[in-house]
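Dropping work-v7.cif in here (mmCIF, C-alpha atoms and all ligand atoms):
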data_protein
#
loop_
_atom_site.label_atom_id
_atom_site.label_comp_id
_atom_site.auth_asym_id
_atom_site.auth_seq_id
_atom_site.Cartn_x
_atom_site.Cartn_y
_atom_site.Cartn_z
CA MET A 21 211.19 89.82 224.63
CA LYS A 22 208.44 88.08 222.77
CA ASN A 23 206.62 85.37 224.60
CA GLU A 24 204.09 83.45 222.54
CA SER A 25 202.03 82.53 225.60
CA LEU A 26 201.54 86.22 226.39
CA VAL A 27 199.86 86.95 223.06
CA ARG A 28 196.23 87.18 224.05
CA MET A 29 193.90 84.74 222.40
CA PRO A 30 190.41 86.19 221.92
CA PHE A 31 187.22 84.28 222.58
CA ASN A 32 185.78 85.22 219.19
CA LYS A 33 187.19 86.82 216.07
CA PRO A 34 184.72 87.92 213.39
CA PHE A 35 185.71 86.30 210.10
CA ILE A 36 185.69 88.30 206.87
CA ALA A 37 185.15 86.02 203.88
CA GLY A 38 186.52 88.49 201.30
CA LYS A 39 183.85 90.12 199.17
CA GLU A 40 181.99 91.99 201.92
CA LEU A 41 183.36 95.46 201.12
CA TYR A 42 183.15 94.86 197.40
CA ASN A 43 179.46 93.97 197.75
CA ILE A 44 178.83 97.02 199.92
CA ALA A 45 180.47 99.20 197.25
CA GLN A 46 178.21 97.56 194.65
CA ALA A 47 175.17 98.34 196.78
CA VAL A 48 176.25 101.97 197.09
CA ILE A 49 176.79 102.21 193.33
CA ASN A 50 173.41 100.54 192.71
CA GLY A 51 171.90 103.40 194.70
CA HIS A 52 169.52 101.22 196.69
CA LEU A 53 170.41 101.54 200.38
CA ALA A 54 167.09 100.92 202.14
CA GLY A 55 165.82 97.41 202.73
CA ASP A 56 164.95 94.68 200.25
CA GLY A 57 167.39 95.62 197.48
CA PRO A 58 169.05 93.07 195.17
CA PHE A 59 171.52 91.72 197.78
CA THR A 60 168.80 91.26 200.40
CA LYS A 61 166.73 89.38 197.83
CA GLN A 62 169.71 87.16 197.02
CA CYS A 63 170.06 86.42 200.74
CA HIS A 64 166.36 85.46 200.90
CA ALA A 65 166.68 83.19 197.88
CA TRP A 66 169.87 81.62 199.25
CA LEU A 67 168.24 80.83 202.62
CA GLU A 68 165.08 79.48 200.98
CA LYS A 69 167.07 77.25 198.65
CA ARG A 70 169.77 76.06 201.04
CA LEU A 71 167.48 75.54 204.04
CA GLY A 72 164.31 74.62 202.23
CA CYS A 73 161.79 76.90 203.90
CA SER A 74 158.69 78.58 202.40
CA LYS A 75 159.92 82.07 203.10
CA ALA A 76 163.02 83.64 204.59
CA LEU A 77 163.07 87.30 205.57
CA LEU A 78 166.16 89.18 206.66
CA VAL A 79 165.65 91.18 209.82
CA HIS A 80 168.02 93.24 211.92
CA SER A 81 168.57 90.59 214.60
CA CYS A 82 167.38 87.24 215.88
CA THR A 83 165.71 89.29 218.60
CA ALA A 84 163.63 90.98 215.87
CA ALA A 85 162.78 87.60 214.33
CA LEU A 86 161.56 86.36 217.73
CA GLU A 87 159.46 89.51 218.18
CA MET A 88 157.90 88.99 214.76
CA ALA A 89 157.21 85.34 215.56
CA ALA A 90 155.45 86.40 218.77
CA MET A 91 153.19 88.73 216.74
CA LEU A 92 152.54 86.07 214.11
CA CYS A 93 151.46 83.63 216.85
CA ASP A 94 149.04 86.34 218.03
CA ILE A 95 150.54 86.17 221.49
CA GLY A 96 148.68 88.50 223.84
CA SER A 97 148.27 89.49 227.44
CA GLY A 98 148.28 86.56 229.87
CA ASP A 99 149.24 83.93 227.29
CA GLU A 100 151.93 81.49 228.33
CA VAL A 101 154.96 80.45 226.29
CA ILE A 102 157.10 77.46 227.28
CA MET A 103 160.88 77.83 226.96
CA PRO A 104 164.12 77.03 228.76
CA SER A 105 165.52 79.38 231.40
CA PHE A 106 169.02 78.52 230.19
CA THR A 107 168.99 80.87 227.18
CA PHE A 108 169.68 84.38 225.98
CA VAL A 109 167.29 87.09 227.21
CA SER A 110 165.71 87.72 223.79
CA THR A 111 164.01 84.32 223.79
CA ALA A 112 161.85 85.53 226.69
CA ASN A 113 161.80 89.26 226.03
CA ALA A 114 160.12 88.93 222.63
CA PHE A 115 157.09 87.34 224.29
CA VAL A 116 157.09 89.53 227.41
CA LEU A 117 156.77 92.53 225.05
CA ARG A 118 153.42 91.10 223.90
CA GLY A 119 152.22 90.73 227.50
CA ALA A 120 152.84 87.00 227.71
CA VAL A 121 154.35 85.04 230.59
CA PRO A 122 157.35 82.88 229.70
CA VAL A 123 157.06 79.57 231.56
CA PHE A 124 160.41 77.92 232.15
CA VAL A 125 160.96 74.20 231.87
CA ASP A 126 164.20 72.60 233.04
CA ILE A 127 166.89 71.46 230.60
CA ARG A 128 168.25 67.99 229.89
CA PRO A 129 171.53 67.16 231.63
CA ASP A 130 173.02 65.60 228.47
CA ASN A 131 172.72 68.42 225.88
CA LEU A 132 171.45 71.37 227.98
CA ASN A 133 168.37 71.70 225.74
CA LEU A 134 164.71 72.02 226.79
CA ASP A 135 163.71 68.73 228.46
CA ASP A 136 160.96 67.45 226.17
CA LYS A 137 159.72 65.09 228.91
CA LYS A 138 158.89 68.05 231.15
CA ILE A 139 156.99 70.14 228.60
CA GLU A 140 153.55 68.57 228.96
CA GLN A 141 153.34 69.12 232.71
CA ALA A 142 153.89 72.85 232.08
CA ILE A 143 150.97 73.20 229.65
CA THR A 144 147.88 75.06 230.87
CA SER A 145 144.78 76.44 229.11
CA LYS A 146 146.80 79.63 228.52
CA THR A 147 149.75 78.01 226.76
CA LYS A 148 150.11 79.27 223.18
CA ALA A 149 153.62 78.31 222.08
CA VAL A 150 156.81 76.39 222.80
CA VAL A 151 160.22 77.85 222.04
CA PRO A 152 162.95 75.23 221.72
CA VAL A 153 166.42 76.80 221.83
CA HIS A 154 169.04 74.72 220.03
CA TYR A 155 171.85 75.39 222.48
CA ALA A 156 175.36 75.43 220.98
CA GLY A 157 173.80 74.47 217.64
CA VAL A 158 172.83 71.06 219.02
CA PRO A 159 169.26 70.08 218.11
CA CYS A 160 166.41 69.81 220.59
CA GLU A 161 164.32 66.64 220.46
CA MET A 162 162.10 68.06 217.69
CA ASP A 163 159.95 64.97 216.97
CA ALA A 164 158.74 64.90 220.57
CA ILE A 165 158.26 68.68 220.67
CA MET A 166 156.28 68.78 217.39
CA ARG A 167 154.08 65.90 218.59
CA ILE A 168 153.27 67.69 221.86
CA ALA A 169 152.58 70.93 219.99
CA ASP A 170 150.25 69.12 217.62
CA VAL A 171 148.26 67.43 220.40
CA HIS A 172 147.86 70.67 222.35
CA ASP A 173 147.52 73.00 219.37
CA LEU A 174 150.58 75.08 220.14
CA PHE A 175 152.92 77.09 217.92
CA VAL A 176 156.56 76.06 217.77
CA VAL A 177 159.08 78.89 217.39
CA GLU A 178 162.62 77.57 217.03
CA ASP A 179 165.27 79.82 218.49
CA ALA A 180 167.89 78.69 215.99
CA ALA A 181 170.16 81.69 216.62
CA GLN A 182 173.14 79.36 217.09
CA ALA A 183 171.98 76.59 214.82
CA LEU A 184 172.33 77.54 211.14
CA PHE A 185 173.08 74.30 209.20
CA SER A 186 172.75 71.99 212.18
CA SER A 187 170.39 69.17 211.42
CA TYR A 188 167.93 66.93 213.22
CA LYS A 189 167.30 63.58 211.52
CA GLY A 190 168.23 65.08 208.17
CA ARG A 191 166.18 68.27 208.58
CA LEU A 192 167.87 71.63 209.02
CA LEU A 193 167.15 73.50 212.23
CA GLY A 194 164.88 76.50 211.98
CA THR A 195 162.77 74.80 209.30
CA ILE A 196 160.90 72.33 211.54
CA GLY A 197 158.69 74.52 213.74
CA HIS A 198 156.10 77.03 212.46
CA PHE A 199 158.80 79.69 212.63
CA GLY A 200 162.59 79.64 212.87
CA CYS A 201 164.73 82.52 214.09
CA LEU A 202 168.36 82.90 212.99
CA SER A 203 171.08 85.29 214.12
CA PHE A 204 173.92 86.78 212.10
CA HIS A 205 175.41 88.60 215.09
CA GLU A 206 179.20 88.75 214.88
CA THR A 207 179.52 85.99 217.48
CA LYS A 208 177.63 83.49 215.32
CA ASN A 209 178.89 81.35 212.41
CA ILE A 210 177.67 83.48 209.48
CA ILE A 211 177.69 87.17 210.31
CA SER A 212 176.68 90.69 209.33
CA GLY A 213 177.61 92.51 212.54
CA GLU A 214 174.05 92.59 213.74
CA GLY A 215 171.49 90.69 211.71
CA GLY A 216 169.02 87.84 211.63
CA ALA A 217 166.35 86.09 209.65
CA LEU A 218 162.83 84.88 210.22
CA LEU A 219 162.05 81.58 208.55
CA VAL A 220 158.35 81.15 207.87
CA ASN A 221 157.72 77.43 207.44
CA ASP A 222 153.95 77.57 207.18
CA LYS A 223 152.80 79.36 204.01
CA ARG A 224 149.68 80.74 205.73
CA PHE A 225 151.84 83.20 207.64
CA VAL A 226 153.98 84.56 204.83
CA GLU A 227 151.84 87.55 203.88
CA ARG A 228 151.34 88.69 207.46
CA ALA A 229 155.08 88.25 208.15
CA GLU A 230 155.85 90.64 205.26
CA ILE A 231 153.36 93.15 206.63
CA ILE A 232 154.67 93.04 210.22
CA ARG A 233 158.22 93.48 208.95
CA GLU A 234 157.22 96.54 206.88
CA LYS A 235 155.77 98.63 209.76
CA GLY A 236 152.35 97.01 209.46
CA THR A 237 151.89 98.08 205.84
CA ASN A 238 151.23 96.07 202.69
CA ARG A 239 154.22 97.68 200.99
CA SER A 240 155.66 94.33 199.83
CA ARG A 241 152.48 93.61 197.87
CA PHE A 242 152.55 97.13 196.45
CA PHE A 243 156.12 96.63 195.17
CA ARG A 244 155.06 93.40 193.52
CA GLY A 245 152.23 95.28 191.81
CA GLU A 246 149.55 93.25 193.62
CA VAL A 247 147.83 96.34 195.05
CA ASP A 248 147.78 99.87 193.60
CA LYS A 249 148.54 101.72 196.84
CA TYR A 250 150.06 100.77 200.13
CA THR A 251 148.59 101.50 203.49
CA TRP A 252 148.58 100.58 207.18
CA VAL A 253 146.83 97.23 207.56
CA ASP A 254 148.15 95.56 210.75
CA ILE A 255 150.50 95.95 213.73
CA GLY A 256 154.19 95.84 212.89
CA SER A 257 157.49 97.60 213.19
CA SER A 258 160.60 98.33 211.14
CA TYR A 259 162.35 94.98 211.09
CA LEU A 260 164.04 95.03 207.69
CA PRO A 261 167.77 95.72 207.60
CA SER A 262 169.51 98.11 205.24
CA GLU A 263 170.72 96.76 201.92
CA LEU A 264 174.29 97.30 203.21
CA ILE A 265 173.70 94.48 205.70
CA GLY A 266 172.38 92.25 202.93
CA ALA A 267 175.44 93.05 200.79
CA PHE A 268 177.81 92.12 203.61
CA LEU A 269 175.85 89.02 204.52
CA TYR A 270 175.66 87.68 200.99
CA ALA A 271 179.49 87.55 200.83
CA GLN A 272 179.38 85.39 203.96
CA MET A 273 176.63 83.17 202.58
CA GLU A 274 178.67 82.43 199.48
CA ASN A 275 181.38 81.05 201.79
CA ALA A 276 179.06 79.33 204.25
CA SER A 277 180.18 75.76 203.53
CA THR A 278 183.84 76.66 204.02
CA ILE A 279 183.08 78.51 207.25
CA ILE A 280 180.92 75.75 208.73
CA SER A 281 183.30 72.94 207.80
CA ALA A 282 186.27 74.82 209.30
CA ARG A 283 184.31 75.30 212.52
CA ARG A 284 183.24 71.66 212.59
CA ARG A 285 186.90 70.69 212.23
CA ILE A 286 187.88 72.89 215.18
CA PHE A 287 185.07 71.33 217.20
CA GLU A 288 186.33 67.85 216.38
CA ARG A 289 189.94 68.71 217.22
CA TYR A 290 188.91 70.10 220.61
CA TYR A 291 186.76 67.05 221.19
CA ASN A 292 189.46 64.49 220.40
CA LEU A 293 192.21 66.32 222.25
CA LEU A 294 190.08 66.78 225.39
CA ARG A 295 188.69 63.26 225.35
CA PRO A 296 191.38 61.90 227.73
CA LEU A 297 190.31 64.47 230.34
CA GLU A 298 186.71 63.36 229.98
CA ASP A 299 187.83 59.75 230.40
CA GLU A 300 189.62 60.77 233.60
CA GLY A 301 186.31 62.21 234.78
CA VAL A 302 187.55 65.74 235.43
CA LEU A 303 185.30 67.42 232.82
CA ARG A 304 182.48 66.64 230.41
CA LEU A 305 182.35 67.28 226.67
CA PRO A 306 179.34 68.27 224.52
CA PHE A 307 176.98 65.50 223.54
CA VAL A 308 175.43 65.20 220.08
CA GLU A 309 173.06 62.37 219.29
CA SER A 310 174.09 60.15 216.40
CA GLU A 311 171.12 61.13 214.21
CA CYS A 312 171.98 64.81 214.50
CA ALA A 313 174.77 67.03 213.20
CA GLY A 314 176.10 70.14 214.88
CA ASN A 315 177.47 73.21 213.09
CA GLY A 316 180.64 73.89 215.07
CA HIS A 317 179.10 76.99 216.58
CA MET A 318 180.44 76.62 220.09
CA PHE A 319 182.76 74.40 222.08
CA TYR A 320 181.93 74.18 225.76
CA ILE A 321 183.14 71.96 228.56
CA VAL A 322 181.28 71.18 231.77
CA MET A 323 183.40 71.39 234.91
CA ARG A 324 182.75 69.48 238.14
CA SER A 325 181.85 72.56 240.17
CA LEU A 326 181.34 76.32 240.00
CA ASP A 327 184.59 76.78 241.96
CA GLU A 328 186.54 74.76 239.44
CA ARG A 329 185.04 76.73 236.58
CA THR A 330 186.01 80.00 238.24
CA SER A 331 189.56 78.87 238.87
CA LEU A 332 190.02 77.42 235.36
CA LEU A 333 188.74 80.69 233.84
CA GLU A 334 191.33 82.55 235.93
CA HIS A 335 194.08 80.13 234.97
CA LEU A 336 193.28 80.50 231.25
CA LYS A 337 193.16 84.28 231.57
CA LYS A 338 196.58 84.28 233.22
CA GLU A 339 197.88 82.34 230.25
CA GLY A 340 196.35 84.88 227.87
CA ILE A 341 193.33 82.83 226.80
CA LEU A 342 189.91 84.38 226.95
CA ALA A 343 187.24 81.82 227.84
CA VAL A 344 183.75 82.81 228.98
CA PHE A 345 180.65 81.41 230.63
CA HIS A 346 176.90 81.98 230.28
CA TYR A 347 173.95 82.19 230.96
CA VAL A 348 172.64 83.61 234.20
CA PRO A 349 169.45 81.51 234.17
CA LEU A 350 166.54 83.78 233.28
CA HIS A 351 164.42 82.54 236.21
CA SER A 352 166.96 83.98 238.64
CA SER A 353 167.47 87.30 236.82
CA PRO A 354 165.66 90.44 238.07
CA ALA A 355 163.40 90.73 234.99
CA GLY A 356 162.86 86.99 234.84
CA ARG A 357 161.56 86.98 238.41
CA LYS A 358 159.21 89.82 237.55
CA TYR A 359 157.80 88.66 234.20
CA CYS A 360 158.21 84.89 234.08
CA ARG A 361 157.57 81.79 236.12
CA ALA A 362 159.17 78.39 236.44
CA SER A 363 157.26 75.16 235.96
CA GLY A 364 158.73 72.63 238.34
CA SER A 365 162.28 72.39 239.51
CA MET A 366 165.10 74.30 237.77
CA GLU A 367 167.65 71.98 239.33
CA VAL A 368 169.53 71.00 236.17
CA THR A 369 169.53 74.60 234.89
CA ASP A 370 170.89 75.93 238.19
CA ASP A 371 173.52 73.23 238.38
CA LEU A 372 174.81 73.27 234.79
CA SER A 373 174.71 77.03 234.25
CA GLY A 374 177.28 77.24 237.04
CA ARG A 375 179.60 74.72 235.43
CA VAL A 376 179.56 75.45 231.68
CA LEU A 377 182.71 77.05 230.28
CA ARG A 378 183.04 78.13 226.62
CA LEU A 379 186.42 77.86 224.92
CA PRO A 380 187.72 80.21 222.21
CA MET A 381 186.14 79.32 218.86
CA TYR A 382 186.62 81.19 215.60
CA TYR A 383 187.24 80.42 211.95
CA GLU A 384 190.89 81.42 211.96
CA MET A 385 191.87 79.18 214.88
CA GLY A 386 194.83 77.08 213.80
CA GLU A 387 196.03 73.73 215.08
CA ASP A 388 198.59 75.53 217.27
CA ASP A 389 195.86 77.70 218.83
CA ILE A 390 193.73 74.66 219.65
CA HIS A 391 196.76 72.93 221.19
CA ARG A 392 197.56 76.01 223.22
CA VAL A 393 194.08 75.99 224.80
CA VAL A 394 194.11 72.24 225.39
CA GLU A 395 197.62 72.29 226.90
CA SER A 396 196.62 75.13 229.18
CA ILE A 397 193.61 73.15 230.43
CA LYS A 398 195.78 70.07 230.99
CA ARG A 399 198.29 72.20 232.88
CA TYR A 400 195.48 73.46 235.09
CA PHE A 401 194.47 69.96 236.12
CA ARG A 402 198.13 69.02 236.70
CA ILE A 403 198.62 72.00 239.00
CA MET A 404 195.41 71.10 240.86
CA ARG A 405 196.53 67.49 241.30
CA GLU A 406 199.93 68.57 242.61
CA LYS A 407 198.30 70.98 245.05
CA SER A 408 195.97 68.29 246.38
CA HIS A 409 198.95 65.95 246.92
CA VAL A 410 200.79 68.59 248.91
CA LEU A 411 197.76 69.12 251.16
C1 LIG A 501 172.55 85.23 219.85
C2 LIG A 501 171.26 84.70 220.37
C3 LIG A 501 170.07 85.43 220.30
C4 LIG A 501 170.03 86.87 219.88
O1 LIG A 501 170.49 87.11 218.62
P1 LIG A 501 170.60 88.63 218.10
O2 LIG A 501 170.79 88.47 216.63
O3 LIG A 501 171.79 89.22 218.77
O4 LIG A 501 169.35 89.31 218.45
C5 LIG A 501 168.90 84.83 220.70
N1 LIG A 501 168.88 83.57 221.16
C6 LIG A 501 170.01 82.84 221.28
C7 LIG A 501 169.92 81.44 221.79
C8 LIG A 501 171.24 83.39 220.90
O5 LIG A 501 172.35 82.67 221.03
#

Would you mind writing the file out in structure tokens?
Amino acid sequence: MKNESLVRMPFNKPFIAGKELYNIAQAVINGHLAGDGPFTKQCHAWLEKRLGCSKALLVHSCTAALEMAAMLCDIGSGDEVIMPSFTFVSTANAFVLRGAVPVFVDIRPDNLNLDDKKIEQAITSKTKAVVPVHYAGVPCEMDAIMRIADVHDLFVVEDAAQALFSSYKGRLLGTIGHFGCLSFHETKNIISGEGGALLVNDKRFVERAEIIREKGTNRSRFFRGEVDKYTWVDIGSSYLPSELIGAFLYAQMENASTIISARRRIFERYYNLLRPLEDEGVLRLPFVESECAGNGHMFYIVMRSLDERTSLLEHLKKEGILAVFHYVPLHSSPAGRKYCRASGSMEVTDDLSGRVLRLPMYYEMGEDDIHRVVESIKRYFRIMREKSHVL
């Protein structure tokens, strides 16, 4: 017997736009498989044109882009870098690798982003950079952050892993700080399996970024015929992805508008269908300021308690729907306790990280899929209400 409700709904489903394998075959036929072949260059040009940044460089992950940004900021032993604790580990790890101490600032209760009003009190003589993380593709308060950075002479590295094509007051995320870091991991909007890009928004850093990405050599200049031999000139590592990644990614880029608008539509459907539950006060929906636009990266709800989140996750799982939660705040993780410190209270982070629940979100989600999730959530609250009446 076939029961529709028993068909498991995944949390994420990587979307294939169509020309990925064709492009990979082209790359193989072209005979250029190492980095910076024609497809990779097309990806660079596409990012530079569509986002409007001085230089975009494909790298093998957003983690790699963050590591490069840390080197470009000349982060060294004992330096401090301000960031949220409510983020993915790479935000902190990239700076810890350079000997720096991530200093955590609490998040805002409305959008779960770095609380710009708490940044200044965390600044010391050792502070070198601020890393705003645009959680769920929703912009941080960039005007305030850029102003603080300017006054205190700090670098701004945007962790825009989730934020491709989200905008803040008309400007695309990742292009506002000194550096922007993007991810093309298969869980993000535009994907290449693993992959990322470093956006260099300040021209002064372009040449060094190319060097760091090419194992600390001036190979990029050599290929452009600007020097007659290439050699080791700086620190660096191997951050450039294979041309096969660029070939795959370019097929996605060509379909970016379709992908993003489909995801925005899913976001809106979730939002409108769940609105009555927010009005009842049993959960909270994401908040996006009117001057900003999200990119449909993620749909999360905020439950009233950790217990409710746990029981809703179980309920959804029983009905074949895979929802997830994140993050374990970095300040309470084993490595976070060892390498980082918190500035002030982490009250909002501790509270909200226990109540956030992420719903399935992927390009191919149809209206019936969205309804299935929403109906399941409504059923959960009905069951809970009935139980509490019986008691
Ligand atoms: C996904 C993600 C990363 C890491 O991206 P990778 O490409 O997997 O290295 C970093 N920061 C945030 C906020 C992310 O969501």

Just checking: using only C-alpha atoms and all ligand atoms, which residue out of A:Leu297, A:Leu132, A:Ala276, A:Val308 ends up closest to ligand LIG 501 (chain A)?
A:Leu132

Selection near range 91-104 of chain A, 7 Å with all atoms listed in the file, sequence-local residues under 3 positions removed, as a VMD selection string
chain A and resid 87 to 88 107 118 to 127 134 146 to 152 175 229

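Distances to Asp130 in chain A were evaluated for A:Cys160, A:Cys82, A:Leu193, A:Ala271 using only C-alpha atoms, and the minimum falls at A:Cys160.
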
Looking at A:Asn133, A:Ala65, A:Ala362, A:Ala313, which one is nearest to Leu184 in chain A, with distances taken over all atoms listed in the file?
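For Leu184 in chain A, the nearest of the given residues is A:Ala313.
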
Around all the atoms of ligand LIG 501 (chain A) listed in the file, draw an axis-aligned box and extend it by 8 Å on each of the six sides; I want its centre and edge lengths in Å to one decimal, as lines of an AutoDock Vina configuration file.
center_x = 170.7
center_y = 85.4
center_z = 219.2
size_x = 19.7
size_y = 23.9
size_z = 21.2

Do you know which residues are within 8 Å of ligand LIG 501 (chain A) using all atoms listed in the file? Can you write them as a list in words?
His80, Ser81, Cys82, Thr83, Ala84, Ala85, Thr107, Phe108, Val109, Ser110, Thr111, Val153, His154, Tyr155, Ala156, Asp179, Ala180, Ala181, Gln182, Leu202, Ser203, Phe204, His205, Thr207, Lys208, Glu214, Gly215 and Gly216 of chain A

Do you know which residues are at most 9 Å from Leu342 in chain A counting only C-alpha atoms, after dropping those on the same chain fewer than 2 positions away, and could you put them as a ChimeraX atom specification?
/A:28-32,333,336-337,339-340,344,379-380

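Relative to CA of Leu305 in chain A, CA of His346 in chain A is found at 16.1 Å.
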
Within-12 Å shell of (192.7, 66.2, 219.5) in input frame, all atoms listed in the file, as a CSV table (one decimal) with C-alpha atoms, in the coordinates of the input:
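Output file selection_7.csv is given in full below:
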chain,number,residue,atom,x,y,z
A,285,ARG,CA,186.9,70.7,212.2
A,286,ILE,CA,187.9,72.9,215.2
A,287,PHE,CA,185.1,71.3,217.2
A,288,GLU,CA,186.3,67.8,216.4
A,289,ARG,CA,189.9,68.7,217.2
A,290,TYR,CA,188.9,70.1,220.6
A,291,TYR,CA,186.8,67.0,221.2
A,292,ASN,CA,189.5,64.5,220.4
A,293,LEU,CA,192.2,66.3,222.2
A,294,LEU,CA,190.1,66.8,225.4
A,295,ARG,CA,188.7,63.3,225.4
A,296,PRO,CA,191.4,61.9,227.7
A,297,LEU,CA,190.3,64.5,230.3
A,387,GLU,CA,196.0,73.7,215.1
A,388,ASP,CA,198.6,75.5,217.3
A,389,ASP,CA,195.9,77.7,218.8
A,390,ILE,CA,193.7,74.7,219.6
A,391,HIS,CA,196.8,72.9,221.2
A,392,ARG,CA,197.6,76.0,223.2
A,393,VAL,CA,194.1,76.0,224.8
A,394,VAL,CA,194.1,72.2,225.4
A,395,GLU,CA,197.6,72.3,226.9

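Closest approach to Ile143 in chain A among A:Asp56, A:Val171, A:Tyr347, A:Val177: A:Val171, based on all atoms listed in the file.
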
What is the CA of Asp170 in chain A-CA of Arg191 in chain A distance in Å, reported with one decimal?
18.3 Å

Using Å and a single decimal, report how far CA of Ala183 in chain A sits from CA of Asp135 in chain A.
17.8 Å

Which one of A:Ser212, A:Asn113, A:Ser373, A:Ser353 sits closest to Gln272 in chain A if you count all atoms listed in the file?
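Of the candidates, the smallest distance to Gln272 in chain A is held by A:Ser212.
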
Could you check which residues have any atom within 12 Å of (181.7, 95.8, 198.6), counting only C-alpha atoms with coordinates taken straight from the file, and then list them as a PyMOL selection string?
chain A and resi 36-50+59+263-272

Glu161 in chain A environment, 8 Å, all atoms listed in the file, sequence neighbours closer than 3 positions dropped, as a PyMOL selection string:
chain A and resi 136+164-165

Can I get the selected residues back with C-alpha atoms, as a PDB file, keeping the file's coordinate frame?
ATOM      1  CA  ASP A 136     160.960  67.450 226.170  1.00  0.00           C
ATOM      2  CA  ALA A 164     158.740  64.900 220.570  1.00  0.00           C
ATOM      3  CA  ILE A 165     158.260  68.680 220.670  1.00  0.00           C
TER       4      ILE A 165
END

Tell me which of A:Ser396, A:Gln141, A:Asn315, A:Ser240 sits closest to Ser281 in chain A, counting all atoms listed in the file.
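Using all atoms listed in the file, the shortest distance to Ser281 in chain A belongs to A:Asn315.
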
Which residues, written as a count of residues only, have at least one atom at most 10 Å from Ser74 in chain A, with only C-alpha atoms counted and residues fewer than 4 positions away on the same chain left out?
12

Spatial neighbours of Phe185 in chain A, max dist 9 Å, only C-alpha atoms, sep filter under 6 positions, as a list in words:
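Residues near the query, excluding close chain neighbours: Arg70, Leu71, Gly157, Leu192, Leu193, Gly194, Ile280, Ala313, Gly314 and Asn315 of chain A.
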